[in-house]
Structure formats: C-alpha cells, structure tokens
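Participant: Pasting run.txt below, which is compact mmCIF, C-alpha atoms and all ligand atoms.
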# COMPACT_ATOMS: atom_id res chain seq x y z
CA MET S 1000 126.16 85.77 114.68
CA TYR S 1001 124.66 88.89 116.09
CA SER S 1002 125.15 89.74 119.75
CA ASN S 1003 122.47 90.74 122.27
CA ASP S 1004 123.74 94.31 121.94
CA ASP S 1005 123.25 94.14 118.16
CA PHE S 1006 119.61 93.11 118.65
CA ALA S 1007 119.00 95.79 121.28
CA LEU S 1008 120.53 98.54 119.17
CA MET S 1009 118.63 97.56 116.02
CA THR S 1010 115.43 97.41 118.11
CA ARG S 1011 116.19 100.97 119.18
CA ALA S 1012 116.80 101.98 115.55
CA LEU S 1013 113.43 100.47 114.59
CA ALA S 1014 111.71 102.42 117.37
CA LEU S 1015 113.31 105.60 116.04
CA ALA S 1016 112.18 104.75 112.50
CA GLU S 1017 108.62 104.44 113.79
CA ARG S 1018 108.74 108.05 114.83
CA GLY S 1019 108.60 108.92 111.12
CA MET S 1020 105.40 106.91 110.71
CA TYR S 1021 103.21 109.85 109.64
CA THR S 1022 105.79 112.12 108.06
CA THR S 1023 108.43 110.55 105.80
CA THR S 1024 106.27 109.56 102.84
CA PRO S 1025 107.07 108.97 100.00
CA ASN S 1026 110.39 108.11 101.63
CA PRO S 1027 110.68 105.05 103.85
CA ARG S 1028 110.75 105.36 107.64
CA VAL S 1029 114.36 104.76 108.65
CA GLY S 1030 116.08 104.88 112.03
CA CYS S 1031 119.81 105.11 112.83
CA VAL S 1032 121.77 104.63 116.05
CA LEU S 1033 125.49 105.42 116.37
CA VAL S 1034 127.44 103.54 119.02
CA ARG S 1035 131.01 103.72 120.24
CA ASP S 1036 132.60 101.79 123.08
CA GLY S 1037 129.18 100.37 123.97
CA ARG S 1038 127.64 103.82 124.33
CA VAL S 1039 124.94 105.38 122.13
CA ILE S 1040 126.44 108.62 120.81
CA GLY S 1041 123.85 109.69 118.26
CA GLU S 1042 120.32 108.90 117.10
CA GLY S 1043 118.16 109.95 114.19
CA PHE S 1044 115.24 109.12 111.96
CA THR S 1045 114.16 110.17 108.49
CA GLN S 1046 112.85 113.72 108.24
CA PRO S 1047 110.12 114.74 105.77
CA ALA S 1048 111.10 114.20 102.12
CA GLY S 1049 113.76 116.60 100.93
CA SER S 1050 115.25 116.94 104.39
CA ASP S 1051 117.78 114.79 106.29
CA HIS S 1052 117.93 111.04 106.09
CA ALA S 1053 118.23 109.09 109.34
CA GLU S 1054 122.03 108.69 109.14
CA VAL S 1055 122.60 112.41 108.68
CA ARG S 1056 120.35 113.16 111.65
CA ALA S 1057 122.28 110.72 113.85
CA LEU S 1058 125.63 112.23 112.82
CA LYS S 1059 124.35 115.73 113.54
CA ASP S 1060 123.02 114.53 116.89
CA ALA S 1061 126.44 113.13 117.89
CA ARG S 1062 128.24 116.28 116.76
CA ALA S 1063 125.77 118.48 118.61
CA ARG S 1064 126.78 116.57 121.73
CA GLY S 1065 130.41 117.34 120.88
CA ILE S 1066 131.26 113.68 120.24
CA ASP S 1067 133.77 112.49 117.64
CA VAL S 1068 132.05 109.80 115.58
CA ARG S 1069 135.19 108.27 114.06
CA GLY S 1070 135.40 104.54 114.73
CA ALA S 1071 131.73 104.29 115.68
CA SER S 1072 129.24 101.62 114.55
CA ALA S 1073 126.02 102.61 112.80
CA TYR S 1074 122.80 100.58 113.14
CA VAL S 1075 120.39 101.46 110.34
CA THR S 1076 117.00 99.94 109.55
CA LEU S 1077 117.61 100.35 105.81
CA GLU S 1078 120.73 100.15 103.68
CA PRO S 1079 122.26 103.65 103.48
CA CYS S 1080 121.50 105.25 100.12
CA SER S 1081 124.08 105.38 97.36
CA HIS S 1082 122.47 108.01 95.17
CA VAL S 1083 122.30 111.75 95.25
CA GLY S 1084 118.56 112.39 95.31
CA ARG S 1085 116.92 115.21 97.19
CA THR S 1086 119.80 114.75 99.65
CA PRO S 1087 123.47 113.57 99.35
CA ALA S 1088 124.26 109.83 99.46
CA CYS S 1089 124.32 108.56 103.04
CA ALA S 1090 126.84 105.79 102.25
CA HIS S 1091 129.41 108.42 101.26
CA THR S 1092 128.50 110.55 104.27
CA LEU S 1093 129.14 107.60 106.61
CA VAL S 1094 132.50 106.87 104.92
CA GLN S 1095 133.56 110.49 105.23
CA ALA S 1096 132.53 110.53 108.87
CA GLY S 1097 134.93 107.66 109.59
CA ILE S 1098 132.30 105.11 110.66
CA ALA S 1099 133.99 101.72 111.18
CA ARG S 1100 131.06 99.29 111.11
CA VAL S 1101 127.54 99.35 109.67
CA VAL S 1102 124.74 96.95 110.57
CA ALA S 1103 121.67 97.28 108.32
CA ALA S 1104 118.33 95.54 108.77
CA MET S 1105 117.62 95.22 105.05
CA GLU S 1106 118.74 96.22 101.58
CA ASP S 1107 117.05 99.25 100.06
CA PRO S 1108 114.62 97.89 97.41
CA ASN S 1109 114.92 101.20 95.54
CA PRO S 1110 116.50 100.19 92.19
CA ARG S 1111 118.70 103.28 92.44
CA VAL S 1112 120.27 101.78 95.57
CA SER S 1113 119.67 98.00 95.99
CA GLY S 1114 123.03 96.89 97.29
CA ARG S 1115 125.13 99.77 95.99
CA GLY S 1116 125.06 101.57 99.33
CA LEU S 1117 126.51 98.52 101.07
CA GLU S 1118 129.13 98.16 98.31
CA ILE S 1119 130.30 101.73 98.79
CA LEU S 1120 130.74 101.04 102.51
CA ARG S 1121 132.60 97.75 101.95
CA ALA S 1122 134.83 99.28 99.29
CA ALA S 1123 135.86 101.90 101.86
CA GLY S 1124 136.92 99.15 104.27
CA ILE S 1125 133.89 99.42 106.55
CA GLU S 1126 132.70 96.18 108.16
CA VAL S 1127 129.15 95.65 106.88
CA ARG S 1128 126.40 93.25 107.95
CA CYS S 1129 122.86 93.18 106.62
CA GLY S 1130 119.69 91.31 107.65
CA LEU S 1131 119.35 91.89 111.40
CA LEU S 1132 115.62 92.06 112.32
CA GLU S 1133 114.85 92.26 108.63
CA SER S 1134 111.19 91.21 108.83
CA ALA S 1135 110.37 93.98 111.32
CA ALA S 1136 112.12 96.50 109.07
CA ARG S 1137 110.16 95.28 106.04
CA GLU S 1138 106.85 95.53 107.89
CA LEU S 1139 107.59 99.11 108.83
CA ASN S 1140 107.99 100.07 105.17
CA ILE S 1141 105.73 97.52 103.58
CA GLY S 1142 104.25 100.07 101.20
CA PHE S 1143 107.59 101.52 100.13
CA VAL S 1144 108.96 98.01 99.54
CA LYS S 1145 105.98 97.01 97.41
CA ARG S 1146 106.05 100.22 95.37
CA MET S 1147 109.76 99.90 94.68
CA ILE S 1148 109.36 96.31 93.48
CA GLN S 1149 105.94 96.37 91.80
CA GLY S 1150 105.29 100.05 91.11
CA ARG S 1151 102.04 99.83 93.07
CA PRO S 1152 101.03 100.80 96.61
CA TRP S 1153 100.34 98.33 99.41
CA VAL S 1154 96.54 98.11 99.54
CA ARG S 1155 95.01 98.01 103.01
CA LEU S 1156 91.24 97.71 103.13
CA LYS S 1157 89.62 98.94 106.32
CA VAL S 1158 86.16 97.89 107.41
CA ALA S 1159 84.22 98.01 110.67
CA ALA S 1160 81.77 95.19 111.22
CA SER S 1161 79.62 93.48 113.77
CA LEU S 1162 80.51 90.01 115.04
CA ASP S 1163 78.25 88.61 112.31
CA GLY S 1164 80.22 90.49 109.66
CA ARG S 1165 77.67 93.23 109.00
CA THR S 1166 78.67 96.82 108.33
CA ALA S 1167 75.34 98.64 108.31
CA LEU S 1168 71.61 98.17 108.61
CA ALA S 1169 69.70 97.46 105.41
CA ASN S 1170 68.74 101.17 105.34
CA GLY S 1171 72.45 102.06 105.26
CA ARG S 1172 72.66 103.26 108.85
CA SER S 1173 76.12 102.41 110.18
CA GLN S 1174 77.50 105.17 112.37
CA TRP S 1175 79.27 104.26 115.58
CA LEU S 1176 79.26 100.53 115.25
CA THR S 1177 82.65 100.39 116.97
CA GLY S 1178 83.77 102.32 120.05
CA PRO S 1179 85.86 105.51 120.32
CA GLU S 1180 89.17 103.66 120.75
CA ALA S 1181 88.66 101.75 117.51
CA ARG S 1182 87.73 104.94 115.73
CA ARG S 1183 90.88 106.65 116.97
CA ASP S 1184 92.94 103.63 116.00
CA GLY S 1185 91.38 103.74 112.53
CA HIS S 1186 92.56 107.33 112.18
CA ARG S 1187 96.10 106.21 113.05
CA TRP S 1188 96.03 103.84 110.09
CA ARG S 1189 94.65 106.60 107.89
CA ALA S 1190 97.42 108.91 109.05
CA ARG S 1191 100.21 106.50 108.17
CA ALA S 1192 98.79 105.95 104.69
CA CYS S 1193 99.87 108.14 101.80
CA ALA S 1194 96.37 108.13 100.37
CA VAL S 1195 92.85 107.31 101.55
CA LEU S 1196 90.48 106.08 98.85
CA THR S 1197 86.73 105.73 98.75
CA GLY S 1198 83.99 105.28 96.16
CA VAL S 1199 81.16 107.45 94.97
CA GLY S 1200 78.60 105.23 96.75
CA THR S 1201 80.15 106.02 100.13
CA VAL S 1202 80.41 109.73 99.32
CA ARG S 1203 76.72 109.79 98.47
CA ALA S 1204 75.62 107.72 101.47
CA ASP S 1205 77.89 109.06 104.23
CA ASP S 1206 79.53 112.22 102.83
CA PRO S 1207 82.84 111.49 104.63
CA GLN S 1208 85.68 114.01 104.88
CA LEU S 1209 88.28 111.21 104.81
CA THR S 1210 90.73 113.36 106.75
CA VAL S 1211 92.64 112.42 109.89
CA ARG S 1212 90.98 114.13 112.83
CA ALA S 1213 90.94 111.83 115.82
CA ILE S 1214 94.72 112.02 116.28
CA GLU S 1215 97.32 114.71 115.65
CA THR S 1216 99.29 114.48 112.44
CA PRO S 1217 101.34 117.06 110.61
CA ARG S 1218 100.28 115.71 107.21
CA GLN S 1219 96.93 114.77 105.72
CA PRO S 1220 96.93 111.82 103.32
CA GLN S 1221 95.91 112.46 99.73
CA ARG S 1222 92.17 111.85 99.38
CA VAL S 1223 91.15 109.80 96.36
CA LEU S 1224 87.66 109.22 95.02
CA LEU S 1225 86.81 106.48 92.53
CA ASP S 1226 83.89 107.84 90.57
CA SER S 1227 83.61 106.20 87.14
CA LYS S 1228 80.81 108.41 85.85
CA LEU S 1229 81.61 111.54 87.88
CA ALA S 1230 78.35 111.26 89.77
CA ALA S 1231 79.58 112.81 93.03
CA SER S 1232 78.11 116.14 94.07
CA PRO S 1233 80.66 118.98 93.94
CA GLU S 1234 79.27 119.93 97.36
CA ALA S 1235 80.53 116.69 98.93
CA LYS S 1236 82.81 117.19 101.95
CA ILE S 1237 85.63 115.19 100.39
CA PHE S 1238 86.24 118.25 98.15
CA ASP S 1239 86.25 120.72 101.01
CA ASP S 1240 89.89 121.66 101.03
CA GLY S 1241 90.34 121.21 97.33
CA ALA S 1242 93.09 118.63 97.21
CA ALA S 1243 91.11 115.49 96.33
CA LEU S 1244 92.02 113.32 93.35
CA VAL S 1245 89.05 111.96 91.42
CA ILE S 1246 89.63 108.94 89.21
CA CYS S 1247 86.94 108.39 86.58
CA ALA S 1248 86.44 106.31 83.46
CA SER S 1249 85.84 109.31 81.18
CA ASP S 1250 86.05 113.07 81.58
CA ASP S 1251 84.92 114.06 78.11
CA GLY S 1252 81.62 113.95 76.18
CA ASP S 1253 78.68 113.89 78.61
CA ALA S 1254 81.02 113.84 81.58
CA ALA S 1255 82.93 117.02 80.65
CA PRO S 1256 80.66 119.52 82.49
CA ARG S 1257 80.71 117.38 85.64
CA ALA S 1258 84.50 117.12 85.47
CA ALA S 1259 84.69 120.91 85.06
CA ARG S 1260 82.57 121.48 88.18
CA LEU S 1261 84.78 119.21 90.27
CA ARG S 1262 87.88 120.97 88.96
CA GLU S 1263 86.32 124.31 89.91
CA ARG S 1264 86.05 122.87 93.42
CA GLY S 1265 89.81 122.32 93.34
CA ALA S 1266 89.76 118.58 92.69
CA GLU S 1267 92.09 116.97 90.20
CA VAL S 1268 90.15 114.76 87.79
CA VAL S 1269 91.97 111.97 85.96
CA ALA S 1270 90.36 109.61 83.45
CA LEU S 1271 91.65 106.04 83.19
CA PRO S 1272 90.74 103.44 80.58
CA ASP S 1273 87.42 101.96 81.59
CA ALA S 1274 86.62 98.33 82.15
CA ASP S 1275 82.91 97.88 81.39
CA GLY S 1276 82.10 101.46 82.30
CA ARG S 1277 84.11 101.27 85.53
CA VAL S 1278 87.54 102.46 86.42
CA ASP S 1279 90.10 99.70 85.93
CA LEU S 1280 91.32 99.12 89.48
CA ALA S 1281 94.73 97.80 88.48
CA ALA S 1282 95.26 100.91 86.33
CA ALA S 1283 94.25 103.05 89.32
CA LEU S 1284 96.95 101.34 91.40
CA ASP S 1285 99.52 101.98 88.68
CA LEU S 1286 98.54 105.65 88.68
CA LEU S 1287 98.83 105.90 92.47
CA GLY S 1288 102.16 104.04 92.41
CA ALA S 1289 103.49 106.48 89.83
CA ARG S 1290 102.46 109.24 92.23
CA GLU S 1291 104.60 107.73 94.97
CA ILE S 1292 101.74 106.40 97.10
CA ASN S 1293 103.29 103.74 99.36
CA GLU S 1294 100.33 102.71 101.50
CA LEU S 1295 96.82 103.03 100.13
CA HIS S 1296 94.02 102.96 102.69
CA LEU S 1297 90.64 101.87 101.31
CA GLU S 1298 87.46 102.88 103.13
CA ALA S 1299 84.50 102.14 100.96
CA GLY S 1300 81.22 100.27 100.84
CA TYR S 1301 80.67 96.57 100.26
CA LYS S 1302 80.41 96.89 96.47
CA LEU S 1303 83.76 98.59 95.92
CA ASN S 1304 85.31 96.47 98.68
CA GLY S 1305 84.14 93.36 96.84
CA ALA S 1306 85.50 94.63 93.54
CA TRP S 1307 88.98 95.21 95.00
CA LEU S 1308 88.96 91.76 96.56
CA ARG S 1309 87.69 90.00 93.45
CA ALA S 1310 90.40 91.71 91.42
CA GLY S 1311 92.95 90.17 93.80
CA LEU S 1312 94.40 93.61 94.54
CA VAL S 1313 93.98 93.73 98.33
CA ASP S 1314 97.15 93.09 100.33
CA GLU S 1315 95.68 93.41 103.79
CA LEU S 1316 92.32 93.67 105.53
CA LEU S 1317 92.06 95.88 108.60
CA VAL S 1318 88.85 94.80 110.32
CA TYR S 1319 87.41 96.38 113.44
CA MET S 1320 84.99 93.88 114.87
CA ALA S 1321 82.35 95.15 117.28
CA PRO S 1322 80.76 92.82 119.84
CA SER S 1323 77.27 93.18 118.43
CA LEU S 1324 74.95 91.35 116.05
CA LEU S 1325 73.06 93.05 113.25
CA GLY S 1326 71.37 90.01 111.74
CA ASN S 1327 71.16 88.60 108.24
CA HIS S 1328 69.19 91.50 106.78
CA ALA S 1329 71.99 93.95 107.44
CA LEU S 1330 74.66 94.73 104.82
CA GLY S 1331 77.77 92.56 104.55
CA MET S 1332 81.40 93.63 104.24
CA PHE S 1333 82.10 92.48 100.69
CA GLY S 1334 79.91 92.20 97.64
CA LEU S 1335 81.06 88.88 96.23
CA PRO S 1336 79.35 86.50 93.83
CA ALA S 1337 77.75 83.35 95.21
CA LEU S 1338 80.20 80.46 95.38
CA ASP S 1339 79.44 76.96 94.17
CA THR S 1340 82.25 75.27 96.01
CA LEU S 1341 84.18 76.00 99.16
CA ASP S 1342 87.36 75.72 97.13
CA ALA S 1343 86.45 79.00 95.44
CA ARG S 1344 86.49 80.91 98.71
CA ILE S 1345 88.96 83.73 99.28
CA LYS S 1346 91.53 82.37 101.70
CA LEU S 1347 93.09 84.64 104.28
CA HIS S 1348 95.18 84.25 107.37
CA PHE S 1349 95.23 86.30 110.54
CA HIS S 1350 98.38 88.40 110.61
CA ALA S 1351 97.68 90.13 113.92
CA VAL S 1352 94.78 90.24 116.34
CA GLU S 1353 94.44 92.79 119.11
CA ALA S 1354 91.77 94.14 121.41
CA VAL S 1355 91.18 97.86 120.91
CA GLY S 1356 88.88 99.28 123.57
CA SER S 1357 85.74 97.16 123.49
CA ASP S 1358 86.37 95.95 119.92
CA LEU S 1359 88.81 93.65 118.15
CA ARG S 1360 91.28 94.74 115.50
CA LEU S 1361 92.02 92.01 112.98
CA LEU S 1362 94.73 92.26 110.37
CA LEU S 1363 94.40 89.63 107.67
CA ARG S 1364 96.33 88.90 104.53
CA PRO S 1365 95.45 86.73 101.55
CA THR S 1366 96.89 83.25 101.59
CA ASP S 1367 98.38 82.17 98.28
CA GLY S 1368 97.03 79.06 96.61
C1 LIG S 1401 118.68 106.44 103.68
N1 LIG S 1401 118.25 106.94 104.87
O1 LIG S 1401 116.65 107.78 106.17
C2 LIG S 1401 116.04 107.11 104.01
C3 LIG S 1401 116.51 106.53 102.79
O2 LIG S 1401 115.12 111.79 97.51
P1 LIG S 1401 116.00 111.45 98.67
O3 LIG S 1401 117.39 111.94 98.51
O4 LIG S 1401 115.39 111.84 100.01
O5 LIG S 1401 116.12 109.86 98.67
C4 LIG S 1401 115.01 109.06 98.89
C5 LIG S 1401 115.42 107.60 98.79
O6 LIG S 1401 116.41 107.31 99.78
C6 LIG S 1401 114.29 106.63 99.06
O7 LIG S 1401 113.60 106.31 97.88
C7 LIG S 1401 115.03 105.43 99.61
O8 LIG S 1401 115.61 104.67 98.59
C8 LIG S 1401 116.13 106.09 100.41
N2 LIG S 1401 115.66 106.33 101.77
N3 LIG S 1401 117.81 106.20 102.69
O9 LIG S 1401 119.89 106.23 103.49
C9 LIG S 1401 116.97 107.29 105.07
N4 LIG S 1401 114.74 107.47 104.19
ZN ZN S 1402 120.30 108.38 102.58
Can you turn what I pasted into structure tokens?
Ligand code: AOF
Ligand code: ZN
Facilitator:
Amino acid sequence: MYSNDDFALMTRALALAERGMYTTTPNPRVGCVLVRDGRVIGEGFTQPAGSDHAEVRALKDARARGIDVRGASAYVTLEPCSHVGRTPACAHTLVQAGIARVVAAMEDPNPRVSGRGLEILRAAGIEVRCGLLESAARELNIGFVKRMIQGRPWVRLKVAASLDGRTALANGRSQWLTGPEARRDGHRWRARACAVLTGVGTVRADDPQLTVRAIETPRQPQRVLLDSKLAASPEAKIFDDGAALVICASDDGDAAPRAARLRERGAEVVALPDADGRVDLAAALDLLGAREINELHLEAGYKLNGAWLRAGLVDELLVYMAPSLLGNHALGMFGLPALDTLDARIKLHFHAVEAVGSDLRLLLRPTDG
C-alpha cells in the first residue's frame, strides 16, 4: 500500500519530470524528489543528454542546501539507471549517498537497465518499491518507452480541421483555420517531439519552416522531409538552416543531381528501399528510431496522412477541430480508399479531449481489433 504522502511526492516528481519536456531528448524526462522526516530536502529533473540525471540533480540540490541526505527516501519517475552511459549509474550514486528507500514509478525499458537498477538498490539493502503512478510516468515518456521496446518512435499525427473534417479548400487554401491558441498549442507538441516530419506535397503547397516559433524552446526538433523522388525545391524554407533530413527512395541515377543540390543546401539525404516508387514508411521509422527519435510529429497533407494510417503506423492523432464548416468540396484529413463495409473502418478511441481557445483539441489512438 502506498500512503497519501507517497502519492503526493510522486506527483511532485512527475511535475519536475515535465520540466524536461523540451530538453531531455533522446533521454527520458525523469523527476526525483528526496524526502527525510516528511520534509522535501532535494529536487531535480533530467538535464540535457550528457549532463546530470534527475537523481544526481536532486542530490546536488540537497547538498547545496547543506542537508545530509543519508537515510532519505527518493521518489523517482523512472528506475534509476544501472549503466555507465554518458553519466555514472544513478543506482550506485544513490547507494553511495546512503539513501534508505527508493520509490520508482516504473522500470526503465532501456534493455541496458530494465530491472538492474532496482536490483542494485535492493542488493545494497535499500527498501525498493516500483509502480506508483506508473501510467502517468509512461505517458510522459511514451516515445522513449516505444523506442526502447520496438526500436521505432511514437508517431503522432497532427491535423487541423473544420467540424466537418476538412483541412483546406479545394484550391488548397488552409491558413488560419484554427485560432491563435490552437496554433500555439500545436507548437508545444512540435517542441516536445524529437522530429517533425512532412511530405514533399506540403513543402510545395505551403512551404512550411516546420520550426517551433510560437513558444520558447531551447531546442528545435529535427526536421524531416519525405520526398521519394527528390522533387522539393532546394529553395524551400525547410532547408533554411541546413539541418533537415530528407528521406528519398533513390539518390542515384536521375536523382543524383537533385540530391547533390539539397546536400549543398546543408540537408542530409538518405535513400531507403522503395516500395512502388515511394519511401517505405516502416523503414523510415526504423531509420528514425536508430537515430534516437522518441516522438515523431507528423504534419503533412491528406495523401501522406492517409498512407501513414493505412500502413497502421500511427500511434496517436492530434486533431485541432475548428468550429466552422467547409463543405463537401473541401479537402479531407486522410486520403483513404473507399470502404465496402463499415467493418473495414479504422477504429479509434478518444484519449483526451480539451477546449483550446475557440477550438477543440482531440487526442485519439487506434483501437485494436
Ligand atoms: C536515470 N535518471 O534522469 C534519466 C535516466 O547516456 P546517459 O548516461 O545519459 O543515460 C541515458 C539512459 O539513462 C536513458 O536511455 C535511460 O535508460 C536512462 N535515463 N535514468 O536514472 C534520469 N533520464
Ligand atoms: Zn541515471
């Protein structure tokens, strides 16, 4: 049984972890609270990769306040690590610090850790509990968890639509369908992603920058362009600061000069095996997983959106729904083939629904079966 204090302290640790929302990638967002005699004596959260883990920050915080941490309890939103990576193993650090009790929200799915951190603590005689507020901790690092288990990022597809599910007029005009609050909120989701991906159709139609601008963030997500035939103009804004990754189906033969021009613009061009002249989407996810992309944010047009959905590779839809009607001649959200039976429909469930300014934000996830 966990006490009310346990819940309150883990809730605090989760709030601390959230402070790493835009900065810890590819590491998970972790929070840590140190408590002794019912008093919080130190707090910390994961610093950008290569720097302190949450536990180390909390220990430093307590010491900076001149407090002896021996005998304290540590509340951590993720099992303390057991490996020496970019930083020393937190499990050993907690043992050496004389921590008496550790409460973790979840095991670290990283195969280099997965239970070993907790074992180190137990072997040193520390009282260990794991699983408090686990589902909240998993949600916070949903991309990290998926990448550790499946080697692929969590795929979140963002779309803004009218109440009748239309994204743009038939002539492609779509700007400012939703209000400023929804736009700002959309940038928050971009900012927490490790990469933002679009397709060549969107680059040609809208010439987006795909950067985070509406909110402050210390880190821009990696921009990724799916462009099977390398048809994007090197002048497109997505290439403006050079760091875009272009995934194509072939960068030799006819495509070689186009690939060279994009590389001159500073883009990295990678060719993946093609599936009927198109980039194989599953292979693209494997590539992005190998590059430590935890959360992948898709912002594309209805054709590419439909392709991701049909391939069964979308984990979550982020839909901003504006209170307006565009009519049946306007463009839909997803290019999908006509269905013969209702049974063939893509089934989703609402995960969270919230009003954002004058619009609605819907988070949906596929329903199995
Ligand atoms: C913790 N506390 O705050 C975080 C952990 O390369 P390193 O040394 O930074 O290690 C990264 C791994 O450590 C990461 O993949 C995950 O397994 C774990 N993250 N562990 O004890 C933390 N962020
Ligand atoms: Zn650690």
Participant: In Å, rounded to a single decimal, give me how far CA of Ala1354 in chain S is from CA of Gly1300 in chain S.
Facilitator: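 Going from CA of Gly1300 in chain S over to CA of Ala1354 in chain S covers 23.9 Å.
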Participant: Which residues are near ligand ZN 1402 (chain S) in this structure, taking near to mean any atom at most 8 Å from a ligand atom and counting only C-alpha atoms and all ligand atoms? Format them as a PyMOL selection string.
Facilitator: chain S and resi 1051-1055+1079-1082+1086-1090
Participant: Between S:Glu1078, S:Glu1126, S:Asp1339, S:Glu1263, which is the closest to Asn1109 in chain S once you count all atoms listed in the file?
Facilitator: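 Nearest candidate to Asn1109 in chain S out of S:Glu1078, S:Glu1126, S:Asp1339, S:Glu1263: S:Glu1078.
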Participant: Residues of range 1124-1175 of chain S that approach range 1191-1198 of chain S to 12 Å or less, counting all atoms listed in the file: could you list each one with the shortest pair of atoms and its distance in Å to one decimal, rows by chain and increasing residue number, as a Markdown table?
Facilitator:
| residue | atom | partner | partner_atom | distance |
| --- | --- | --- | --- | --- |
| S:Leu1139 | CA | S:Arg1191 | CA | 10.5 |
| S:Asn1140 | CA | S:Arg1191 | CA | 10.5 |
| S:Ile1141 | CA | S:Ala1192 | CA | 11.0 |
| S:Gly1142 | CA | S:Ala1192 | CA | 8.8 |
| S:Phe1143 | CA | S:Cys1193 | CA | 10.3 |
| S:Arg1146 | CA | S:Cys1193 | CA | 11.9 |
| S:Pro1152 | CA | S:Cys1193 | CA | 9.1 |
| S:Trp1153 | CA | S:Ala1192 | CA | 9.4 |
| S:Val1154 | CA | S:Ala1192 | CA | 9.6 |
| S:Arg1155 | CA | S:Ala1192 | CA | 9.0 |
| S:Leu1156 | CA | S:Leu1196 | CA | 9.4 |
| S:Lys1157 | CA | S:Val1195 | CA | 10.2 |
| S:Val1158 | CA | S:Thr1197 | CA | 11.7 |
Participant: Go ahead and save the residues from that selection, with C-alpha atoms, as an mmCIF file, keeping the file's coordinate frame.
Facilitator:
data_model
loop_
_atom_site.group_PDB
_atom_site.id
_atom_site.type_symbol
_atom_site.label_atom_id
_atom_site.label_comp_id
_atom_site.auth_asym_id
_atom_site.auth_seq_id
_atom_site.Cartn_x
_atom_site.Cartn_y
_atom_site.Cartn_z
ATOM 1 C CA LEU S 1139 107.590 99.110 108.830
ATOM 2 C CA ASN S 1140 107.990 100.070 105.170
ATOM 3 C CA ILE S 1141 105.730 97.520 103.580
ATOM 4 C CA GLY S 1142 104.250 100.070 101.200
ATOM 5 C CA PHE S 1143 107.590 101.520 100.130
ATOM 6 C CA ARG S 1146 106.050 100.220 95.370
ATOM 7 C CA PRO S 1152 101.030 100.800 96.610
ATOM 8 C CA TRP S 1153 100.340 98.330 99.410
ATOM 9 C CA VAL S 1154 96.540 98.110 99.540
ATOM 10 C CA ARG S 1155 95.010 98.010 103.010
ATOM 11 C CA LEU S 1156 91.240 97.710 103.130
ATOM 12 C CA LYS S 1157 89.620 98.940 106.320
ATOM 13 C CA VAL S 1158 86.160 97.890 107.410
#
Participant: Which residue is closest to Arg1222 in chain S? Choose from S:Gly1276, S:Gly1252, S:Gly1331, S:Gly1241 and count only C-alpha atoms.
Facilitator: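 For Arg1222 in chain S, the nearest of the given residues is S:Gly1241.
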Participant: CA of Ala1299 in chain S and CA of Asp1251 in chain S, how far apart in Å?
Facilitator: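 Straight-line distance from CA of Asp1251 in chain S to CA of Ala1299 in chain S works out to 25.8 Å.
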Participant: CA of Pro1025 in chain S and CA of Ala1282 in chain S, how far apart in Å?
Facilitator: 19.8 Å
Participant: Within 8 Å of Val1278 in chain S, counting all atoms listed in the file, which residues show up once you throw out same-chain ones fewer than 6 positions away? Write them as a ChimeraX atom specification, please.
Facilitator: /S:1225-1227,1246-1248,1271-1272
Participant: Within 6 Å of (113.5, 99.9, 95.8), in the coordinates the file gives, what residues turn up when you count all atoms listed in the file, written out as a ChimeraX atom specification?
Facilitator: /S:1107-1110,1147-1148
Participant: Return the padded bounding box of ligand LIG 1401 (chain S) as lines of an AutoDock Vina configuration file: axis-aligned, built from all atoms listed in the file, 4 Å added on each side, with centre and edge lengths in Å to one decimal.
Facilitator:
center_x = 116.7
center_y = 108.3
center_z = 101.8
size_x = 14.3
size_y = 15.3
size_z = 16.7
Participant: Go through S:Arg1028, S:Arg1100, S:His1328, S:Arg1262 one by one, measure the shortest atom-to-atom distance of each to Ala1135 in chain S using only C-alpha atoms, and give the residue with the smallest value.
Facilitator: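 Answer, going by the shortest atom-to-atom distance: S:Arg1028.
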Participant: Under the rule that all atoms listed in the file are counted, which of S:Val1223, S:Val1034, S:Ile1292, S:Ile1040 is the nearest residue to ligand LIG 1401 (chain S)?
Facilitator: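 The answer is S:Ile1292, which sits nearest to ligand LIG 1401 (chain S).
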Participant: Which polymer residues have any atom within 12 Å of an atom of Pro1256 in chain S, counting all atoms listed in the file, with same-chain residues fewer than 6 positions away left out, as a PDB file with C-alpha atoms, in the coordinates of the input?
Facilitator:
ATOM      1  CA  LYS S1228      80.810 108.410  85.850  1.00  0.00           C
ATOM      2  CA  LEU S1229      81.610 111.540  87.880  1.00  0.00           C
ATOM      3  CA  ALA S1230      78.350 111.260  89.770  1.00  0.00           C
ATOM      4  CA  PRO S1233      80.660 118.980  93.940  1.00  0.00           C
ATOM      5  CA  SER S1249      85.840 109.310  81.180  1.00  0.00           C
ATOM      6  CA  ASP S1250      86.050 113.070  81.580  1.00  0.00           C
ATOM      7  CA  ARG S1262      87.880 120.970  88.960  1.00  0.00           C
ATOM      8  CA  GLU S1263      86.320 124.310  89.910  1.00  0.00           C
ATOM      9  CA  VAL S1268      90.150 114.760  87.790  1.00  0.00           C
TER      10      VAL S1268
END
Participant: For range 1161-1164 of chain S, find every residue with an atom within 12 Å (counting only C-alpha atoms), except residues of its own chain fewer than 6 positions away, and show them as a ChimeraX atom specification.
Facilitator: /S:1173-1178,1301,1318-1333,1358-1361
Participant: Please provide as a ChimeraX atom specification all residues within 8 Å of Pro1047 in chain S, with the sequence filter that same-chain residues fewer than 4 positions apart are discarded (counting all atoms listed in the file).
Facilitator: /S:1022-1024,1026,1051
Participant: Which one is closest to Gln1208 in chain S: S:Glu1298, S:Asp1005, S:Asp1314, S:Glu1133? Count only C-alpha atoms.
Facilitator: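 Closest to Gln1208 in chain S of all the choices is S:Glu1298.
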Participant: Which one of S:Thr1076, S:Thr1010, S:Ser1134, S:Ser1002 sits closest to ligand LIG 1401 (chain S) if you count only C-alpha atoms and all ligand atoms?
Facilitator: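 When distances to ligand LIG 1401 (chain S) are compared using only C-alpha atoms and all ligand atoms, the smallest one comes from S:Thr1076.
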